[in-house]
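Shown here: target-v4.cif, mmCIF, C-alpha atoms and all ligand atoms.
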```
data_data
#
loop_
_atom_site.group_PDB
_atom_site.id
_atom_site.type_symbol
_atom_site.label_atom_id
_atom_site.label_comp_id
_atom_site.auth_asym_id
_atom_site.auth_seq_id
_atom_site.Cartn_x
_atom_site.Cartn_y
_atom_site.Cartn_z
ATOM 1 C CA ILE D 1 14.208 -6.930 9.986
ATOM 2 C CA LYS D 2 13.169 -7.886 13.472
ATOM 3 C CA GLY D 3 11.004 -4.781 13.700
ATOM 4 C CA LEU D 4 9.385 -5.581 10.374
ATOM 5 C CA TYR D 5 8.557 -9.092 11.452
ATOM 6 C CA GLY D 6 7.036 -7.690 14.629
ATOM 7 C CA ARG D 7 4.732 -5.392 12.727
ATOM 8 C CA HIS D 8 3.813 -8.159 10.326
ATOM 9 C CA PHE D 9 2.875 -10.285 13.238
ATOM 10 C CA ALA D 10 0.431 -7.760 14.617
ATOM 11 C CA ALA D 11 -1.233 -7.293 11.235
ATOM 12 C CA TYR D 12 -1.444 -10.944 10.300
ATOM 13 C CA ASP D 13 -2.319 -12.448 13.635
ATOM 14 C CA ASP D 14 -5.122 -14.438 12.040
ATOM 15 C CA LYS D 15 -2.949 -15.858 9.334
ATOM 16 C CA LEU D 16 -0.457 -18.663 9.312
ATOM 17 C CA ARG D 17 1.740 -17.480 12.133
ATOM 18 C CA GLY D 18 -1.164 -17.007 14.478
ATOM 19 C CA LYS D 19 -2.506 -20.421 13.619
ATOM 20 C CA LEU D 20 0.890 -21.972 14.121
ATOM 21 C CA LEU D 21 1.336 -20.312 17.464
ATOM 22 C CA ARG D 22 -1.936 -21.822 18.567
ATOM 23 C CA GLU D 23 -0.807 -25.295 17.635
ATOM 24 C CA ARG D 24 0.324 -27.332 20.575
ATOM 25 C CA ASP D 25 3.378 -28.827 19.011
ATOM 26 C CA ILE D 26 4.842 -26.537 16.422
ATOM 27 C CA THR D 27 7.892 -28.684 15.887
ATOM 28 C CA ASP D 28 5.802 -31.734 15.012
ATOM 29 C CA SER D 29 3.947 -29.885 12.295
ATOM 30 C CA MET D 30 7.168 -28.487 10.845
ATOM 31 C CA GLU D 31 8.748 -31.902 10.734
ATOM 32 C CA SER D 32 5.785 -33.352 8.911
ATOM 33 C CA ALA D 33 5.670 -30.384 6.529
ATOM 34 C CA LEU D 34 9.318 -31.050 5.720
ATOM 35 C CA ALA D 35 8.677 -34.758 5.219
ATOM 36 C CA GLN D 36 5.778 -33.928 2.888
ATOM 37 C CA ASN D 37 7.937 -31.599 0.765
ATOM 38 C CA GLN D 38 5.827 -28.561 1.600
ATOM 39 C CA PHE D 39 8.918 -26.323 1.657
ATOM 40 C CA VAL D 40 9.793 -25.181 -1.837
ATOM 41 C CA VAL D 41 12.767 -23.227 -3.163
ATOM 42 C CA TYR D 42 12.005 -20.178 -5.295
ATOM 43 C CA PHE D 43 14.719 -18.515 -7.355
ATOM 44 C CA GLN D 44 15.223 -14.820 -7.993
ATOM 45 C CA PRO D 45 17.683 -13.907 -10.764
ATOM 46 C CA LYS D 46 20.660 -11.586 -10.295
ATOM 47 C CA TYR D 47 21.942 -9.626 -13.282
ATOM 48 C CA ARG D 48 25.283 -8.153 -14.244
ATOM 49 C CA LEU D 49 24.861 -4.407 -14.653
ATOM 50 C CA CYS D 50 27.470 -4.007 -17.376
ATOM 51 C CA ASP D 51 25.582 -6.103 -19.945
ATOM 52 C CA CYS D 52 22.416 -7.257 -18.150
ATOM 53 C CA SER D 53 23.377 -10.894 -18.496
ATOM 54 C CA LEU D 54 22.125 -13.460 -15.997
ATOM 55 C CA ALA D 55 24.763 -13.681 -13.250
ATOM 56 C CA GLY D 56 23.202 -15.929 -10.633
ATOM 57 C CA ALA D 57 20.201 -16.386 -8.390
ATOM 58 C CA GLU D 58 19.124 -16.274 -4.783
ATOM 59 C CA ALA D 59 17.303 -19.279 -3.347
ATOM 60 C CA LEU D 60 14.361 -18.185 -1.184
ATOM 61 C CA VAL D 61 12.152 -20.591 0.719
ATOM 62 C CA ARG D 62 8.344 -20.713 0.459
ATOM 63 C CA TRP D 63 5.961 -22.866 2.461
ATOM 64 C CA ASN D 64 3.411 -24.394 0.155
ATOM 65 C CA HIS D 65 0.853 -25.105 2.816
ATOM 66 C CA PRO D 66 -2.004 -27.487 1.908
ATOM 67 C CA GLN D 67 -4.642 -25.248 3.506
ATOM 68 C CA TRP D 68 -3.147 -21.787 3.521
ATOM 69 C CA GLY D 69 -1.364 -21.759 0.176
ATOM 70 C CA VAL D 70 2.113 -20.399 -0.606
ATOM 71 C CA GLN D 71 3.438 -18.605 2.470
ATOM 72 C CA PRO D 72 6.326 -16.089 2.452
ATOM 73 C CA PRO D 73 9.239 -16.540 4.896
ATOM 74 C CA SER D 74 8.115 -13.611 7.049
ATOM 75 C CA GLU D 75 5.204 -15.810 8.131
ATOM 76 C CA PHE D 76 7.302 -18.654 9.492
ATOM 77 C CA ILE D 77 11.073 -17.984 9.593
ATOM 78 C CA PRO D 78 10.909 -15.974 12.847
ATOM 79 C CA LEU D 79 9.099 -18.881 14.520
ATOM 80 C CA PHE D 80 11.559 -21.391 13.142
ATOM 81 C CA GLU D 81 14.436 -19.288 14.410
ATOM 82 C CA LYS D 82 12.915 -19.386 17.868
ATOM 83 C CA SER D 83 12.270 -23.121 17.868
ATOM 84 C CA GLY D 84 15.644 -24.013 16.348
ATOM 85 C CA PHE D 85 13.971 -25.730 13.398
ATOM 86 C CA ILE D 86 15.596 -23.176 11.068
ATOM 87 C CA ALA D 87 18.883 -25.119 11.060
ATOM 88 C CA LYS D 88 17.139 -28.193 9.727
ATOM 89 C CA LEU D 89 15.122 -26.241 7.160
ATOM 90 C CA ASP D 90 18.206 -24.395 5.922
ATOM 91 C CA GLN D 91 20.127 -27.629 5.444
ATOM 92 C CA TYR D 92 17.193 -28.920 3.443
ATOM 93 C CA ILE D 93 17.171 -25.761 1.284
ATOM 94 C CA TRP D 94 20.953 -25.996 0.691
ATOM 95 C CA ASP D 95 20.558 -29.612 -0.319
ATOM 96 C CA ARG D 96 17.680 -28.863 -2.736
ATOM 97 C CA THR D 97 19.630 -25.936 -4.186
ATOM 98 C CA CYS D 98 22.698 -28.084 -4.849
ATOM 99 C CA ALA D 99 20.512 -30.790 -6.405
ATOM 100 C CA VAL D 100 19.200 -28.118 -8.796
ATOM 101 C CA LEU D 101 22.720 -26.860 -9.609
ATOM 102 C CA ARG D 102 23.785 -30.409 -10.405
ATOM 103 C CA GLU D 103 20.755 -30.846 -12.654
ATOM 104 C CA TRP D 104 21.561 -27.619 -14.496
ATOM 105 C CA ASP D 105 25.095 -28.864 -15.110
ATOM 106 C CA GLN D 106 23.758 -32.110 -16.513
ATOM 107 C CA LYS D 107 21.362 -30.206 -18.769
ATOM 108 C CA GLY D 108 24.242 -28.065 -20.021
ATOM 109 C CA TYR D 109 22.935 -24.769 -18.632
ATOM 110 C CA PRO D 110 25.460 -22.011 -17.882
ATOM 111 C CA PRO D 111 27.217 -22.672 -14.547
ATOM 112 C CA ILE D 112 25.784 -19.727 -12.627
ATOM 113 C CA PRO D 113 26.171 -19.620 -8.837
ATOM 114 C CA VAL D 114 23.175 -19.638 -6.509
ATOM 115 C CA SER D 115 23.103 -17.854 -3.145
ATOM 116 C CA VAL D 116 21.492 -19.451 -0.137
ATOM 117 C CA ASN D 117 20.639 -17.749 3.132
ATOM 118 C CA VAL D 118 22.543 -18.751 6.236
ATOM 119 C CA SER D 119 20.802 -17.731 9.428
ATOM 120 C CA ARG D 120 22.525 -16.719 12.613
ATOM 121 C CA ALA D 121 21.555 -20.031 14.226
ATOM 122 C CA ASP D 122 23.327 -21.975 11.456
ATOM 123 C CA ILE D 123 26.616 -20.241 12.213
ATOM 124 C CA TYR D 124 26.549 -21.397 15.796
ATOM 125 C CA HIS D 125 25.908 -24.936 14.625
ATOM 126 C CA ALA D 126 29.203 -26.642 15.434
ATOM 127 C CA ASP D 127 29.746 -28.346 12.096
ATOM 128 C CA LEU D 128 28.363 -25.851 9.595
ATOM 129 C CA ALA D 129 31.453 -26.178 7.395
ATOM 130 C CA ASP D 130 31.276 -29.981 7.426
ATOM 131 C CA VAL D 131 27.579 -29.953 6.590
ATOM 132 C CA LEU D 132 28.072 -27.614 3.628
ATOM 133 C CA LYS D 133 31.164 -29.451 2.407
ATOM 134 C CA GLU D 134 29.328 -32.768 2.504
ATOM 135 C CA ILE D 135 26.440 -31.356 0.460
ATOM 136 C CA VAL D 136 28.536 -29.868 -2.366
ATOM 137 C CA GLU D 137 30.662 -33.003 -2.535
ATOM 138 C CA ARG D 138 27.600 -35.220 -2.772
ATOM 139 C CA TYR D 139 26.412 -33.245 -5.812
ATOM 140 C CA GLU D 140 29.940 -32.968 -7.252
ATOM 141 C CA LEU D 141 29.899 -29.174 -7.261
ATOM 142 C CA PRO D 142 32.779 -26.782 -6.694
ATOM 143 C CA PRO D 143 31.956 -24.921 -3.447
ATOM 144 C CA SER D 144 32.192 -21.625 -5.363
ATOM 145 C CA ARG D 145 28.853 -22.447 -7.028
ATOM 146 C CA LEU D 146 27.188 -21.929 -3.659
ATOM 147 C CA HIS D 147 27.220 -18.365 -2.353
ATOM 148 C CA LEU D 148 26.431 -17.996 1.327
ATOM 149 C CA GLU D 149 24.431 -14.921 2.309
ATOM 150 C CA ILE D 150 25.031 -14.023 5.926
ATOM 151 C CA THR D 151 23.077 -11.081 7.259
ATOM 152 C CA GLU D 152 25.115 -8.166 8.502
ATOM 153 C CA SER D 153 23.537 -8.288 11.959
ATOM 154 C CA ALA D 154 24.777 -11.855 12.485
ATOM 155 C CA TYR D 155 28.322 -10.556 12.393
ATOM 156 C CA THR D 156 27.931 -8.336 15.413
ATOM 157 C CA GLU D 157 26.929 -10.797 18.083
ATOM 158 C CA ASN D 158 29.994 -12.915 18.513
ATOM 159 C CA PRO D 159 32.474 -11.550 15.995
ATOM 160 C CA SER D 160 35.409 -13.821 16.781
ATOM 161 C CA GLN D 161 33.408 -17.028 16.493
ATOM 162 C CA ILE D 162 31.751 -15.879 13.286
ATOM 163 C CA ILE D 163 35.048 -14.790 11.781
ATOM 164 C CA GLU D 164 36.526 -18.206 12.518
ATOM 165 C CA THR D 165 33.613 -20.106 10.967
ATOM 166 C CA VAL D 166 33.401 -17.861 7.913
ATOM 167 C CA GLU D 167 37.143 -18.049 7.362
ATOM 168 C CA GLU D 168 36.907 -21.818 7.315
ATOM 169 C CA LEU D 169 34.060 -21.671 4.796
ATOM 170 C CA ARG D 170 36.107 -19.382 2.559
ATOM 171 C CA ARG D 171 39.123 -21.654 2.790
ATOM 172 C CA LEU D 172 36.891 -24.454 1.545
ATOM 173 C CA GLY D 173 35.988 -22.298 -1.453
ATOM 174 C CA PHE D 174 32.506 -21.046 -0.606
ATOM 175 C CA VAL D 175 31.781 -17.459 -1.640
ATOM 176 C CA ILE D 176 30.617 -15.227 1.210
ATOM 177 C CA GLU D 177 28.105 -12.412 0.725
ATOM 178 C CA MET D 178 27.298 -9.971 3.492
ATOM 179 C CA ASP D 179 23.522 -9.563 3.257
ATOM 180 C CA ASP D 180 21.648 -6.393 4.233
ATOM 181 C CA PHE D 181 24.880 -4.424 4.308
ATOM 182 C CA GLY D 182 24.332 -0.983 5.770
ATOM 183 C CA SER D 183 21.126 -1.899 7.584
ATOM 184 C CA GLY D 184 22.653 -0.417 10.669
ATOM 185 C CA TYR D 185 24.779 -2.855 12.577
ATOM 186 C CA SER D 186 28.298 -3.069 11.269
ATOM 187 C CA SER D 187 30.829 -0.375 11.759
ATOM 188 C CA LEU D 188 33.362 0.282 9.063
ATOM 189 C CA ASN D 189 35.979 -0.899 11.506
ATOM 190 C CA MET D 190 34.312 -4.297 11.725
ATOM 191 C CA LEU D 191 34.101 -4.615 7.968
ATOM 192 C CA ASN D 192 37.842 -4.539 8.027
ATOM 193 C CA ARG D 193 37.976 -7.768 10.081
ATOM 194 C CA MET D 194 35.333 -9.718 8.202
ATOM 195 C CA PRO D 195 36.234 -12.444 5.748
ATOM 196 C CA LEU D 196 34.071 -11.504 2.754
ATOM 197 C CA ASP D 197 33.774 -11.654 -1.018
ATOM 198 C CA ILE D 198 30.628 -9.731 -1.846
ATOM 199 C CA LEU D 199 28.677 -6.881 -0.286
ATOM 200 C CA LYS D 200 24.933 -7.037 -0.721
ATOM 201 C CA LEU D 201 23.535 -3.564 -0.208
ATOM 202 C CA ASP D 202 20.476 -3.267 1.956
ATOM 203 C CA MET D 203 17.362 -2.281 -0.009
ATOM 204 C CA LYS D 204 16.892 0.957 1.883
ATOM 205 C CA PHE D 205 19.861 2.507 0.090
ATOM 206 C CA ILE D 206 18.150 2.413 -3.250
ATOM 207 C CA GLN D 207 14.526 2.531 -2.198
ATOM 208 C CA SER D 208 14.491 5.858 -0.377
ATOM 209 C CA GLU D 209 11.473 7.693 -1.770
ATOM 210 C CA THR D 210 13.165 10.939 -2.586
ATOM 211 C CA VAL D 211 16.588 10.479 -4.102
ATOM 212 C CA LYS D 212 18.746 12.763 -2.055
ATOM 213 C CA PRO D 213 22.186 13.663 -3.364
ATOM 214 C CA ILE D 214 23.553 12.449 -0.041
ATOM 215 C CA SER D 215 22.332 8.869 -0.525
ATOM 216 C CA GLN D 216 23.948 8.748 -3.955
ATOM 217 C CA GLY D 217 27.079 10.063 -2.236
ATOM 218 C CA ILE D 218 26.961 7.300 0.354
ATOM 219 C CA LEU D 219 26.537 4.728 -2.408
ATOM 220 C CA ARG D 220 29.570 6.134 -4.207
ATOM 221 C CA PHE D 221 31.543 5.944 -0.988
ATOM 222 C CA ILE D 222 30.542 2.305 -0.396
ATOM 223 C CA MET D 223 31.491 1.459 -3.979
ATOM 224 C CA SER D 224 34.959 2.915 -3.645
ATOM 225 C CA LEU D 225 35.446 1.212 -0.294
ATOM 226 C CA ALA D 226 34.360 -2.089 -1.858
ATOM 227 C CA ARG D 227 36.756 -1.603 -4.771
ATOM 228 C CA TRP D 228 39.572 -0.889 -2.367
ATOM 229 C CA MET D 229 38.722 -4.030 -0.376
ATOM 230 C CA ASN D 230 38.410 -6.067 -3.554
ATOM 231 C CA LEU D 231 34.729 -6.859 -3.012
ATOM 232 C CA SER D 232 31.954 -7.039 -5.601
ATOM 233 C CA VAL D 233 28.700 -5.263 -4.852
ATOM 234 C CA VAL D 234 25.146 -6.508 -5.371
ATOM 235 C CA ALA D 235 22.149 -4.209 -5.018
ATOM 236 C CA GLU D 236 18.869 -5.813 -4.032
ATOM 237 C CA GLY D 237 15.340 -4.464 -4.090
ATOM 238 C CA VAL D 238 15.758 -2.743 -7.457
ATOM 239 C CA GLU D 239 12.237 -1.861 -8.550
ATOM 240 C CA THR D 240 12.556 0.955 -11.086
ATOM 241 C CA GLY D 241 14.580 1.918 -14.126
ATOM 242 C CA GLU D 242 15.611 5.085 -12.327
ATOM 243 C CA GLN D 243 17.139 3.058 -9.466
ATOM 244 C CA LEU D 244 18.936 0.931 -12.021
ATOM 245 C CA ARG D 245 20.299 4.040 -13.706
ATOM 246 C CA ARG D 246 21.675 5.340 -10.401
ATOM 247 C CA LEU D 247 23.345 2.002 -9.696
ATOM 248 C CA ARG D 248 24.957 1.981 -13.130
ATOM 249 C CA GLU D 249 26.196 5.500 -12.545
ATOM 250 C CA ILE D 250 28.146 4.446 -9.462
ATOM 251 C CA GLY D 251 29.493 1.266 -11.075
ATOM 252 C CA CYS D 252 27.624 -1.323 -9.001
ATOM 253 C CA ASP D 253 28.356 -4.864 -10.247
ATOM 254 C CA TYR D 254 25.097 -6.811 -9.875
ATOM 255 C CA ALA D 255 21.424 -6.171 -9.246
ATOM 256 C CA GLN D 256 18.392 -8.133 -8.132
ATOM 257 C CA GLY D 257 14.817 -6.964 -7.734
ATOM 258 C CA TYR D 258 11.257 -6.798 -8.956
ATOM 259 C CA TYR D 259 12.354 -4.542 -11.840
ATOM 260 C CA PHE D 260 13.917 -7.681 -13.337
ATOM 261 C CA ALA D 261 11.845 -10.452 -11.772
ATOM 262 C CA LYS D 262 10.254 -11.650 -8.556
ATOM 263 C CA PRO D 263 11.362 -14.905 -6.926
ATOM 264 C CA MET D 264 9.842 -17.716 -9.019
ATOM 265 C CA PRO D 265 9.456 -21.495 -9.056
ATOM 266 C CA LEU D 266 12.226 -23.566 -10.621
ATOM 267 C CA ALA D 267 10.508 -24.340 -13.938
ATOM 268 C CA GLU D 268 9.871 -20.660 -14.574
ATOM 269 C CA PHE D 269 13.434 -19.729 -13.662
ATOM 270 C CA GLU D 270 14.837 -22.275 -16.100
ATOM 271 C CA GLU D 271 13.110 -20.412 -18.943
ATOM 272 C CA LEU D 272 15.549 -17.560 -18.303
ATOM 273 C CA PHE D 273 18.398 -19.717 -19.581
ATOM 274 C CA SER D 274 16.964 -19.636 -23.082
ATOM 275 C CA GLN D 275 16.526 -15.853 -23.064
ATOM 276 C CA ARG D 276 19.845 -14.332 -23.990
ATOM 277 C CA LYS D 277 19.475 -10.821 -22.656
ATOM 278 C CA VAL D 278 16.494 -9.606 -20.790
ATOM 279 C CA HIS D 279 16.959 -5.932 -20.030
HETATM 280 P P1 LIG C 1 16.585 -11.377 2.293
HETATM 281 O O1 LIG C 1 17.614 -12.449 2.383
HETATM 282 O O2 LIG C 1 17.032 -9.977 2.498
HETATM 283 O O3 LIG C 1 15.899 -11.588 0.866
HETATM 284 C C1 LIG C 1 15.437 -10.548 0.058
HETATM 285 C C2 LIG C 1 13.936 -10.373 0.170
HETATM 286 O O4 LIG C 1 13.548 -9.272 -0.624
HETATM 287 C C3 LIG C 1 13.134 -11.558 -0.372
HETATM 288 O O5 LIG C 1 11.952 -11.660 0.403
HETATM 289 C C4 LIG C 1 12.795 -11.098 -1.775
HETATM 290 O O6 LIG C 1 11.646 -11.723 -2.308
HETATM 291 C C5 LIG C 1 12.546 -9.642 -1.542
HETATM 292 N N1 LIG C 1 12.724 -8.830 -2.745
HETATM 293 C C6 LIG C 1 13.441 -9.122 -3.852
HETATM 294 N N2 LIG C 1 13.377 -8.124 -4.756
HETATM 295 C C7 LIG C 1 12.614 -7.157 -4.192
HETATM 296 C C8 LIG C 1 12.184 -5.859 -4.633
HETATM 297 O O7 LIG C 1 12.496 -5.384 -5.719
HETATM 298 N N3 LIG C 1 11.410 -5.157 -3.766
HETATM 299 C C9 LIG C 1 11.045 -5.641 -2.550
HETATM 300 N N4 LIG C 1 10.281 -4.869 -1.776
HETATM 301 N N5 LIG C 1 11.438 -6.856 -2.099
HETATM 302 C C10 LIG C 1 12.199 -7.593 -2.918
HETATM 303 P P2 LIG C 1 11.410 -13.048 0.914
HETATM 304 O O8 LIG C 1 11.605 -14.107 -0.138
HETATM 305 O O9 LIG C 1 10.026 -12.803 1.416
HETATM 306 O O10 LIG C 1 12.371 -13.385 2.111
HETATM 307 C C11 LIG C 1 12.411 -12.576 3.270
HETATM 308 C C12 LIG C 1 13.553 -12.940 4.180
HETATM 309 O O11 LIG C 1 13.391 -14.264 4.698
HETATM 310 C C13 LIG C 1 14.894 -12.969 3.451
HETATM 311 O O12 LIG C 1 15.398 -11.665 3.346
HETATM 312 C C14 LIG C 1 15.697 -13.851 4.379
HETATM 313 O O13 LIG C 1 16.203 -13.115 5.470
HETATM 314 C C15 LIG C 1 14.655 -14.830 4.875
HETATM 315 N N6 LIG C 1 14.762 -16.091 4.095
HETATM 316 C C16 LIG C 1 14.241 -16.413 2.896
HETATM 317 N N7 LIG C 1 14.553 -17.674 2.532
HETATM 318 C C17 LIG C 1 15.333 -18.158 3.545
HETATM 319 C C18 LIG C 1 15.991 -19.421 3.790
HETATM 320 O O14 LIG C 1 15.949 -20.373 2.979
HETATM 321 N N8 LIG C 1 16.688 -19.530 4.967
HETATM 322 C C19 LIG C 1 16.766 -18.503 5.860
HETATM 323 N N9 LIG C 1 17.478 -18.707 6.988
HETATM 324 N N10 LIG C 1 16.183 -17.330 5.665
HETATM 325 C C20 LIG C 1 15.471 -17.156 4.527
HETATM 326 CA CA CA C 2 19.415 -12.932 1.354
HETATM 327 CA CA CA C 3 18.509 -11.229 5.327
HETATM 328 CA CA CA C 4 18.869 -8.832 2.028
#
```

Encoded form (structure tokens):
Amino acid sequence: IKGLYGRHFAAYDDKLRGKLLRERDITDSMESALAQNQFVVYFQPKYRLCDCSLAGAEALVRWNHPQWGVQPPSEFIPLFEKSGFIAKLDQYIWDRTCAVLREWDQKGYPPIPVSVNVSRADIYHADLADVLKEIVERYELPPSRLHLEITESAYTENPSQIIETVEELRRLGFVIEMDDFGSGYSSLNMLNRMPLDILKLDMKFIQSETVKPISQGILRFIMSLARWMNLSVVAEGVETGEQLRRLREIGCDYAQGYYFAKPMPLAEFEELFSQRKVH
């Protein structure tokens, strides 16, 4: 992901990130953007593969900039990670997400869980568990309604501290998803030590241009490992019916991707509740 961001940066130097870098006080402009509600949560649905029913969603931030329009996270998250502002933005996103979950409950929508992204910086924040606990309590939600996506690479830096924090979050009832699983950092040995509920397969597993028998073999292996460890598996980046077919074949539990839907604003997502089955 770091490499991708780097390449993006070179190509888009004139766009938002370049402009931001030129600003003298980045933090000031982020704070005011936050105060002016310029950060918006988009939702991308996740589906159960057995019956294609709606199983949940991932909350993904967008920056609705007054001059530059809706900006994807690749344009600003790396900067926010550097400046430390990411912790504040993430807490805001978790809060907005829980407010939406509470609203859905009051409207009588099905009680699906929503996943939020937890960045590496958040984990080192001393009271992550307290912050999250306070938010779900304020909106009267069981913690299991909030899934926490923690990227695989975050687990490698300081394993014992991460394990401790994540164990506490699980004890509180939050559901932990390892994001970007298989992107190249974790060893199978480490997986063994990680407190986890769900594996979220990195996109590259299903997006390889030519479907080699070996990649299907690796997927099968991951599935049986996950079964043995009692973990569910989500595939992300599903773009074609053929990829979906391969995932069904190996017994993957959930899928998310453009084949079903792109991340969308709240109002649009809520229309999915009235559609019974989509695919
Ligand atoms: P991620 O957590 O791995 O999220 C998945 C990304 O894949 C999203 O990009 C999503 O829009 C995109 N995606 C979904 N389906 C498909 C597909 O079928 N094909 C392709 N090519 N892409 C697909 P997005 O929304 O641009 O977010 C990029 C990254 O920014 C996320 O990667 C995550 O690491 C980070 N991010 C997004 N929102 C937040 C947030 O609220 N907090 C933090 N800390 N990070 C966030
Ligand atoms: Ca994610
Ligand atoms: Ca990620
Ligand atoms: Ca991911």

Give the residues close to ligand CA 4 (chain C), within 6 Å, counting only C-alpha atoms and all ligand atoms; write them as a list of chain:residue names.
D:Asp179, D:Asp180, D:Asp202

- Task: Excluding Gly182 in chain D and any residue of its chain fewer than 4 positions from it, enumerate the residues within 12 Å of it, using only C-alpha atoms, and give them as a PyMOL selection string.
- Result: chain D and resi 151-153+178+186-188+191+199-206+215+218-219+222+235

query = How would you write, as a ChimeraX atom specification, the residues chosen by the PyMOL selection byres (((chain D and resi 109-115) around 6) and not hetatm) on this structure?
reply = /D:56-59,104-105,107-108,116,145-148

(request) Report as a list in words the full result of the PyMOL selection byres (((chain D and resi 170) around 12) and not hetatm) when it is applied to this structure. (result)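 When the PyMOL selection byres (((chain D and resi 170) around 12) and not hetatm) is applied, the selected residues are Ala129, Leu132, Lys133, Pro143, Ser144, Leu146, His147, Leu148, Ile163, Glu164, Thr165, Val166, Glu167, Glu168, Leu169, Arg171, Leu172, Gly173, Phe174, Val175, Ile176, Glu177, Met194, Pro195, Leu196, Asp197 and Ile198 of chain D.
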
What is the distance between CA of Gln91 in chain D and CA of Gly257 in chain D, in Å to one decimal?
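CA of Gly257 in chain D lies at a distance of 25.1 Å from CA of Gln91 in chain D.
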
Discussion item. For a quick check of understanding, using only C-alpha atoms and all ligand atoms, which of D:Ala154, D:Cys98, D:Met223, D:Ile162 has the smallest distance to ligand CA 3 (chain C)?
Written reply: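 Using only C-alpha atoms and all ligand atoms, ligand CA 3 (chain C) sits closest to D:Ala154.
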
Worksheet item: Do you know which residues are at most 8 Å from Arg62 in chain D counting all atoms listed in the file, after dropping those on the same chain fewer than 2 positions away, and could you put them as a list in words?
Response: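 These residues fall inside the cut-off: Phe39, Val40, Val41, Tyr42, Leu60, Asn64, Val70, Gln71, Pro72 and Pro73 of chain D.
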
Please produce a file of those selected residues containing C-alpha atoms, as a compact mmCIF listing (two decimals), keeping the file's coordinate frame.
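Saved file result35.txt follows:
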```txt
# COMPACT_ATOMS: atom_id res chain seq x y z
CA PHE D 39 8.92 -26.32 1.66
CA VAL D 40 9.79 -25.18 -1.84
CA VAL D 41 12.77 -23.23 -3.16
CA TYR D 42 12.00 -20.18 -5.30
CA LEU D 60 14.36 -18.18 -1.18
CA ASN D 64 3.41 -24.39 0.16
CA VAL D 70 2.11 -20.40 -0.61
CA GLN D 71 3.44 -18.60 2.47
CA PRO D 72 6.33 -16.09 2.45
CA PRO D 73 9.24 -16.54 4.90
```

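Going from CA of Asn230 in chain D to CA of Arg248 in chain D covers 18.4 Å.
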
What lies within 12 Å of Gln38 in chain D using all atoms listed in the file, ignoring chain neighbours under 5 positions off, as a PyMOL selection string?
chain D and resi 29-33+61-71+89+92-93

Practice prompt. To verify the selection step, state as a PyMOL selection string which residues the PyMOL selection byres (((chain D and resi 264) around 10) and not hetatm) yields on this input.
Written response: chain D and resi 41-45+59-60+261-263+265-270

In terms of all atoms listed in the file, the residue from D:Leu244, D:Met190, D:Val234, D:Ala121 at minimal distance from ligand CA 2 (chain C) is D:Val234

Exercise for review: Please indicate the distance in Å from CA of Gln243 in chain D to CA of Tyr259 in chain D, rounded to one decimal place.
Suggested key: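 Value for the CA of Gln243 in chain D-CA of Tyr259 in chain D distance: 9.3 Å.
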
Restricting to all atoms listed in the file, whichever of D:Gln106, D:Asn117, D:Ser74, D:Gln216 is closest to Trp94 in chain D is D:Asn117

Just save range 77-87 of chain D with N, CA and C atoms, as an mmCIF file, in the first residue's frame.
```
data_model
loop_
_atom_site.group_PDB
_atom_site.id
_atom_site.type_symbol
_atom_site.label_atom_id
_atom_site.label_comp_id
_atom_site.auth_asym_id
_atom_site.auth_seq_id
_atom_site.Cartn_x
_atom_site.Cartn_y
_atom_site.Cartn_z
ATOM 1 N N ILE D 77 -5.029 10.333 3.281
ATOM 2 C CA ILE D 77 -4.715 9.496 4.446
ATOM 3 C C ILE D 77 -3.210 9.426 4.739
ATOM 4 N N PRO D 78 -2.367 9.235 3.704
ATOM 5 C CA PRO D 78 -0.928 9.168 3.994
ATOM 6 C C PRO D 78 -0.409 10.423 4.703
ATOM 7 N N LEU D 79 -0.914 11.593 4.280
ATOM 8 C CA LEU D 79 -0.524 12.838 4.940
ATOM 9 C C LEU D 79 -1.008 12.892 6.377
ATOM 10 N N PHE D 80 -2.242 12.439 6.573
ATOM 11 C CA PHE D 80 -2.823 12.472 7.911
ATOM 12 C C PHE D 80 -2.099 11.500 8.836
ATOM 13 N N GLU D 81 -1.619 10.404 8.253
ATOM 14 C CA GLU D 81 -0.866 9.451 9.072
ATOM 15 C C GLU D 81 0.436 10.081 9.533
ATOM 16 N N LYS D 82 1.035 10.857 8.632
ATOM 17 C CA LYS D 82 2.290 11.530 8.988
ATOM 18 C C LYS D 82 2.082 12.584 10.058
ATOM 19 N N SER D 83 1.019 13.367 9.917
ATOM 20 C CA SER D 83 0.811 14.494 10.831
ATOM 21 C C SER D 83 0.190 14.052 12.154
ATOM 22 N N GLY D 84 -0.342 12.835 12.200
ATOM 23 C CA GLY D 84 -0.987 12.371 13.429
ATOM 24 C C GLY D 84 -2.473 12.698 13.475
ATOM 25 N N PHE D 85 -2.937 13.460 12.480
ATOM 26 C CA PHE D 85 -4.352 13.837 12.440
ATOM 27 C C PHE D 85 -5.258 12.618 12.224
ATOM 28 N N ILE D 86 -4.697 11.534 11.700
ATOM 29 C CA ILE D 86 -5.496 10.346 11.393
ATOM 30 C C ILE D 86 -6.275 9.835 12.615
ATOM 31 N N ALA D 87 -5.651 9.930 13.797
ATOM 32 C CA ALA D 87 -6.324 9.420 15.003
ATOM 33 C C ALA D 87 -7.626 10.181 15.235
#
```
